[in-house]
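Peer 1: Supplied in structure tokens, the structure appears directly below.
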Amino acid sequence: WTANEDTRLLDFVAGQISGSEGVKWTDIAQSLSRSPQDCFARYHNVLSANLKRSEWDQDETVRFMELISKYGPFNWAALSAELGTNRSPLQCLQHFQKEMNDDHIHHSQWSAEEDLLLCEGVKRFGQGKWQEIAAAIPQRSASQCMFRWKKALEFREDIVIGRWTELEERKLYLLSTAFRIPTLESSKHPKEVIAQL
């Protein structure tokens with residue numbers, strides 16, 4: 001977000017708050033060429049005048065840690081609402097990552113075992129489910145898992161991204177014929193064939 005976009009977003013929200021219908025995030029988003037979700041999140045997590053912007057005090061941090069025990073380090077919206085100190089979900093996440101979680105996260109090179117856990121996590125949960133994947137890898141954060149996966153994919157020689165070459169398609173055809181793997185076109189039950197593979 002640019003400073004100009006922030007100013008325009010604040011102006012749009014101020015103009016709509018004074019109206020009787022409330023804030024129309026879709027209209028604001030169209031004016032800024034952003035999604036309604038982006039505009040809502042930017043306003044409520046960063047720009048709102050209601051946000052508490054001072055340093056976290058000791059009492060607030062103690063309560064925050066109690067709520068981490070209750071909600072875990074994932075449900076930032078519920079945690080920030082119950083905290084009741086006008087901290088946004090984003091502020092709670094950032095506070096946890098910066099101040100509270102640093103001792104529990106490895107910053108060393110990934111081990112072969114961690115890479116294996118990462119691959120298994122992506123197979124199990126799918127790409128983009130980084131919180132779930134990180135929960136299965138001790139002392140690694142969701143962002144570490146995402147960046148490691150992208151880096152590993154980019155440099156692993158055994159993974160090819162993109163269209164199949166003609167030679168690869170021929171090899172696949174020959175192997176499927178040799179092992180009598182039916183094609184989807186020849187099968188009466190293509191979903192069953194896929195499930196068997």
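Each chain in the structure tokens gets a letter, A, B and so on, in the order shown; residues start at 1 in every chain, and ligands are counted from 1 in the order they appear.
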I'd like a table as JSON lines: residues in stretch 82-182 of chain A with an atom no more than 10 Å from stretch 22-41 of chain A, each row giving the shortest atom pair and its distance in Å to one decimal, only C-alpha atoms counted, sorted by chain and rising residue number.
Peer 2:
{"residue": "A:Ser88", "atom": "CA", "partner": "A:Ala41", "partner_atom": "CA", "distance": 9.6}
{"residue": "A:Pro89", "atom": "CA", "partner": "A:Ala41", "partner_atom": "CA", "distance": 9.7}
{"residue": "A:Leu90", "atom": "CA", "partner": "A:Ala41", "partner_atom": "CA", "distance": 9.0}
Peer 1: Store the residues picked out above, limited to N, CA and C atoms, as a JSON list (two decimals), in the first residue's frame.
Peer 2:
[["chain", "number", "residue", "atom", "x", "y", "z"],
["A", 88, "SER", "N", -5.16, -5.17, 17.01],
["A", 88, "SER", "CA", -5.73, -5.89, 15.87],
["A", 88, "SER", "C", -5.20, -7.32, 15.84],
["A", 89, "PRO", "N", -5.87, -8.20, 15.11],
["A", 89, "PRO", "CA", -5.33, -9.56, 14.94],
["A", 89, "PRO", "C", -3.91, -9.54, 14.37],
["A", 90, "LEU", "N", -3.65, -8.64, 13.45],
["A", 90, "LEU", "CA", -2.31, -8.54, 12.87],
["A", 90, "LEU", "C", -1.29, -8.12, 13.92]]
Peer 1: Compile the contact shell of stretch 43-59 of chain A as a VMD selection string: residues with an atom at most 12 Å away, counting only C-alpha atoms, same-chain residues fewer than 4 positions apart removed.
Peer 2: chain A and resid 1 3 5 to 14 23 25 28 to 29 36 to 39 63 to 66 76 to 77 80 to 81 83 to 96 98 to 100
Peer 1: Only N, CA and C atoms, please: the residues just picked out, written as a CSV table (one decimal), in the first residue's frame.
Peer 2:
chain,number,residue,atom,x,y,z
A,1,TRP,N,0.8,-1.2,0.0
A,1,TRP,CA,0.0,0.0,0.0
A,1,TRP,C,0.9,1.2,0.0
A,3,ALA,N,1.3,5.5,0.5
A,3,ALA,CA,0.8,6.5,1.4
A,3,ALA,C,-0.5,7.2,0.8
A,5,GLU,N,-2.6,5.7,-1.2
A,5,GLU,CA,-3.8,4.8,-1.1
A,5,GLU,C,-4.3,4.8,0.3
A,6,ASP,N,-3.4,4.8,1.3
A,6,ASP,CA,-3.8,4.9,2.7
A,6,ASP,C,-4.7,6.1,3.0
A,7,THR,N,-4.2,7.3,2.5
A,7,THR,CA,-5.0,8.5,2.7
A,7,THR,C,-6.4,8.4,2.0
A,8,ARG,N,-6.4,7.9,0.8
A,8,ARG,CA,-7.7,7.8,0.1
A,8,ARG,C,-8.6,6.8,0.8
A,9,LEU,N,-8.0,5.7,1.3
A,9,LEU,CA,-8.8,4.7,2.1
A,9,LEU,C,-9.4,5.3,3.3
A,10,LEU,N,-8.6,6.1,4.0
A,10,LEU,CA,-9.1,6.8,5.2
A,10,LEU,C,-10.2,7.8,4.9
A,11,ASP,N,-10.1,8.5,3.8
A,11,ASP,CA,-11.1,9.5,3.4
A,11,ASP,C,-12.4,8.8,3.0
A,12,PHE,N,-12.3,7.7,2.2
A,12,PHE,CA,-13.5,6.9,1.8
A,12,PHE,C,-14.2,6.4,3.0
A,13,VAL,N,-13.5,5.8,4.0
A,13,VAL,CA,-14.1,5.2,5.2
A,13,VAL,C,-14.8,6.3,6.0
A,14,ALA,N,-14.1,7.5,6.2
A,14,ALA,CA,-14.6,8.6,7.0
A,14,ALA,C,-15.9,9.1,6.3
A,23,VAL,N,-20.1,1.2,6.1
A,23,VAL,CA,-19.0,1.2,5.1
A,23,VAL,C,-19.3,0.2,4.1
A,25,TRP,N,-17.5,-1.7,1.6
A,25,TRP,CA,-16.1,-2.1,1.2
A,25,TRP,C,-16.0,-2.4,-0.3
A,28,ILE,N,-15.5,1.0,-2.0
A,28,ILE,CA,-14.2,1.5,-1.7
A,28,ILE,C,-13.1,0.7,-2.5
A,29,ALA,N,-13.3,-0.6,-2.6
A,29,ALA,CA,-12.3,-1.4,-3.3
A,29,ALA,C,-12.2,-1.1,-4.8
A,36,PRO,N,-12.2,-6.0,-1.7
A,36,PRO,CA,-12.8,-5.5,-0.5
A,36,PRO,C,-12.1,-6.1,0.8
A,37,GLN,N,-11.7,-7.3,0.7
A,37,GLN,CA,-11.0,-7.9,1.8
A,37,GLN,C,-9.7,-7.2,2.2
A,38,ASP,N,-8.9,-6.8,1.1
A,38,ASP,CA,-7.7,-6.0,1.3
A,38,ASP,C,-8.0,-4.7,2.0
A,39,CYS,N,-9.0,-4.0,1.5
A,39,CYS,CA,-9.4,-2.7,2.1
A,39,CYS,C,-9.8,-2.8,3.5
A,63,ARG,N,-1.7,-11.2,29.9
A,63,ARG,CA,-3.0,-11.6,29.5
A,63,ARG,C,-2.9,-12.2,28.1
A,64,PHE,N,-2.0,-11.7,27.2
A,64,PHE,CA,-1.8,-12.2,25.9
A,64,PHE,C,-1.3,-13.6,25.9
A,65,MET,N,-0.4,-13.9,26.8
A,65,MET,CA,0.1,-15.3,26.9
A,65,MET,C,-0.9,-16.3,27.5
A,66,GLU,N,-1.8,-15.8,28.3
A,66,GLU,CA,-2.9,-16.6,28.8
A,66,GLU,C,-3.8,-17.0,27.7
A,76,TRP,N,-6.0,-15.5,15.8
A,76,TRP,CA,-5.7,-14.1,16.2
A,76,TRP,C,-6.9,-13.2,16.3
A,77,ALA,N,-7.9,-13.5,15.5
A,77,ALA,CA,-9.1,-12.6,15.6
A,77,ALA,C,-9.8,-12.8,17.0
A,80,SER,N,-7.5,-11.4,19.8
A,80,SER,CA,-7.4,-9.9,19.9
A,80,SER,C,-8.7,-9.4,20.4
A,81,ALA,N,-9.9,-10.0,20.1
A,81,ALA,CA,-11.2,-9.6,20.6
A,81,ALA,C,-11.3,-9.8,22.1
A,83,LEU,N,-8.7,-10.1,24.2
A,83,LEU,CA,-7.7,-9.3,24.8
A,83,LEU,C,-8.3,-8.0,25.3
A,84,GLY,N,-9.1,-7.4,24.4
A,84,GLY,CA,-9.8,-6.2,24.8
A,84,GLY,C,-9.0,-4.9,24.9
A,85,THR,N,-7.8,-4.8,24.3
A,85,THR,CA,-7.0,-3.7,24.5
A,85,THR,C,-6.8,-2.9,23.1
A,86,ASN,N,-7.7,-3.1,22.2
A,86,ASN,CA,-7.7,-2.5,20.9
A,86,ASN,C,-6.5,-2.8,20.1
A,87,ARG,N,-6.0,-4.1,20.2
A,87,ARG,CA,-5.0,-4.6,19.3
A,87,ARG,C,-5.6,-5.4,18.2
A,88,SER,N,-5.2,-5.2,17.0
A,88,SER,CA,-5.7,-5.9,15.9
A,88,SER,C,-5.2,-7.3,15.8
A,89,PRO,N,-5.9,-8.2,15.1
A,89,PRO,CA,-5.3,-9.6,14.9
A,89,PRO,C,-3.9,-9.5,14.4
A,90,LEU,N,-3.6,-8.6,13.4
A,90,LEU,CA,-2.3,-8.5,12.9
A,90,LEU,C,-1.3,-8.1,13.9
A,91,GLN,N,-1.6,-7.2,14.8
A,91,GLN,CA,-0.7,-6.8,15.8
A,91,GLN,C,-0.4,-7.9,16.8
A,92,CYS,N,-1.4,-8.7,17.1
A,92,CYS,CA,-1.2,-9.9,18.0
A,92,CYS,C,-0.3,-10.9,17.3
A,93,LEU,N,-0.5,-11.2,16.0
A,93,LEU,CA,0.4,-12.1,15.3
A,93,LEU,C,1.8,-11.6,15.3
A,94,GLN,N,2.0,-10.3,15.0
A,94,GLN,CA,3.3,-9.7,14.9
A,94,GLN,C,4.0,-9.7,16.3
A,95,HIS,N,3.2,-9.4,17.3
A,95,HIS,CA,3.8,-9.4,18.7
A,95,HIS,C,4.3,-10.9,19.0
A,96,PHE,N,3.5,-11.8,18.7
A,96,PHE,CA,3.8,-13.2,19.0
A,96,PHE,C,5.1,-13.6,18.2
A,98,LYS,N,7.4,-11.7,16.9
A,98,LYS,CA,8.6,-10.8,17.2
A,98,LYS,C,9.1,-11.1,18.7
A,99,GLU,N,8.2,-11.1,19.6
A,99,GLU,CA,8.6,-11.1,21.0
A,99,GLU,C,8.5,-12.4,21.7
A,100,MET,N,7.5,-13.1,21.4
A,100,MET,CA,7.1,-14.3,22.2
A,100,MET,C,7.6,-15.6,21.6
Peer 1: Which residues, written as a list of chain:residue names, have at least one atom at most 12 Å from A:Leu116, with only C-alpha atoms counted and residues fewer than 5 positions away on the same chain left out?
Peer 2: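 Final neighbour list, sorted by chain and number: A:Trp110, A:Ser111, A:Gly121, A:Val122, A:Lys123, A:Ile133, A:Ala136, A:Ile137, A:Cys145, A:Arg148, A:Trp149, A:Ala152.
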Peer 1: With N, CA and C atoms retained, export the selected residues as a PDB file, in the first residue's frame.
Peer 2:
ATOM      1  N   TRP A 110      17.832 -26.206   7.370  1.00  0.00           N
ATOM      2  CA  TRP A 110      16.881 -27.297   7.475  1.00  0.00           C
ATOM      3  C   TRP A 110      17.623 -28.621   7.415  1.00  0.00           C
ATOM      4  N   SER A 111      17.194 -29.571   8.234  1.00  0.00           N
ATOM      5  CA  SER A 111      17.772 -30.914   8.208  1.00  0.00           C
ATOM      6  C   SER A 111      17.021 -31.753   7.170  1.00  0.00           C
ATOM      7  N   GLY A 121       4.015 -33.053   4.789  1.00  0.00           N
ATOM      8  CA  GLY A 121       2.976 -32.089   5.139  1.00  0.00           C
ATOM      9  C   GLY A 121       2.291 -31.503   3.921  1.00  0.00           C
ATOM     10  N   VAL A 122       3.066 -31.194   2.889  1.00  0.00           N
ATOM     11  CA  VAL A 122       2.478 -30.643   1.658  1.00  0.00           C
ATOM     12  C   VAL A 122       1.610 -31.700   0.980  1.00  0.00           C
ATOM     13  N   LYS A 123       2.065 -32.948   0.983  1.00  0.00           N
ATOM     14  CA  LYS A 123       1.246 -34.019   0.395  1.00  0.00           C
ATOM     15  C   LYS A 123      -0.052 -34.192   1.172  1.00  0.00           C
ATOM     16  N   ILE A 133       0.882 -27.356   8.159  1.00  0.00           N
ATOM     17  CA  ILE A 133       2.149 -28.023   7.871  1.00  0.00           C
ATOM     18  C   ILE A 133       3.169 -27.702   8.964  1.00  0.00           C
ATOM     19  N   ALA A 136       3.217 -29.623  12.183  1.00  0.00           N
ATOM     20  CA  ALA A 136       3.790 -30.969  12.145  1.00  0.00           C
ATOM     21  C   ALA A 136       5.319 -30.963  12.126  1.00  0.00           C
ATOM     22  N   ILE A 137       5.926 -29.772  12.058  1.00  0.00           N
ATOM     23  CA  ILE A 137       7.386 -29.661  12.017  1.00  0.00           C
ATOM     24  C   ILE A 137       7.830 -28.864  13.238  1.00  0.00           C
ATOM     25  N   CYS A 145       8.207 -22.600   6.476  1.00  0.00           N
ATOM     26  CA  CYS A 145       7.793 -23.750   5.670  1.00  0.00           C
ATOM     27  C   CYS A 145       7.487 -23.324   4.230  1.00  0.00           C
ATOM     28  N   ARG A 148      10.782 -22.371   2.471  1.00  0.00           N
ATOM     29  CA  ARG A 148      11.594 -23.563   2.232  1.00  0.00           C
ATOM     30  C   ARG A 148      11.012 -24.384   1.100  1.00  0.00           C
ATOM     31  N   TRP A 149       9.696 -24.526   1.071  1.00  0.00           N
ATOM     32  CA  TRP A 149       9.054 -25.312   0.014  1.00  0.00           C
ATOM     33  C   TRP A 149       9.299 -24.679  -1.349  1.00  0.00           C
ATOM     34  N   ALA A 152      12.974 -25.120  -2.171  1.00  0.00           N
ATOM     35  CA  ALA A 152      13.283 -26.519  -2.460  1.00  0.00           C
ATOM     36  C   ALA A 152      12.760 -26.915  -3.839  1.00  0.00           C
TER      37      ALA A 152
END
Peer 1: For atom CA of A:Ser141 and atom CA of A:Ser108, quote the distance in Å rounded to one decimal.
Peer 2: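 Those two atoms sit 12.4 Å apart.
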Peer 1: From the options A:Glu60, A:Ala135, A:Gly126, A:Met146, which residue's atoms come nearest to A:Gly72, counting only C-alpha atoms?
Peer 2: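 Ranked by minimum distance to A:Gly72, first place goes to A:Ala135.
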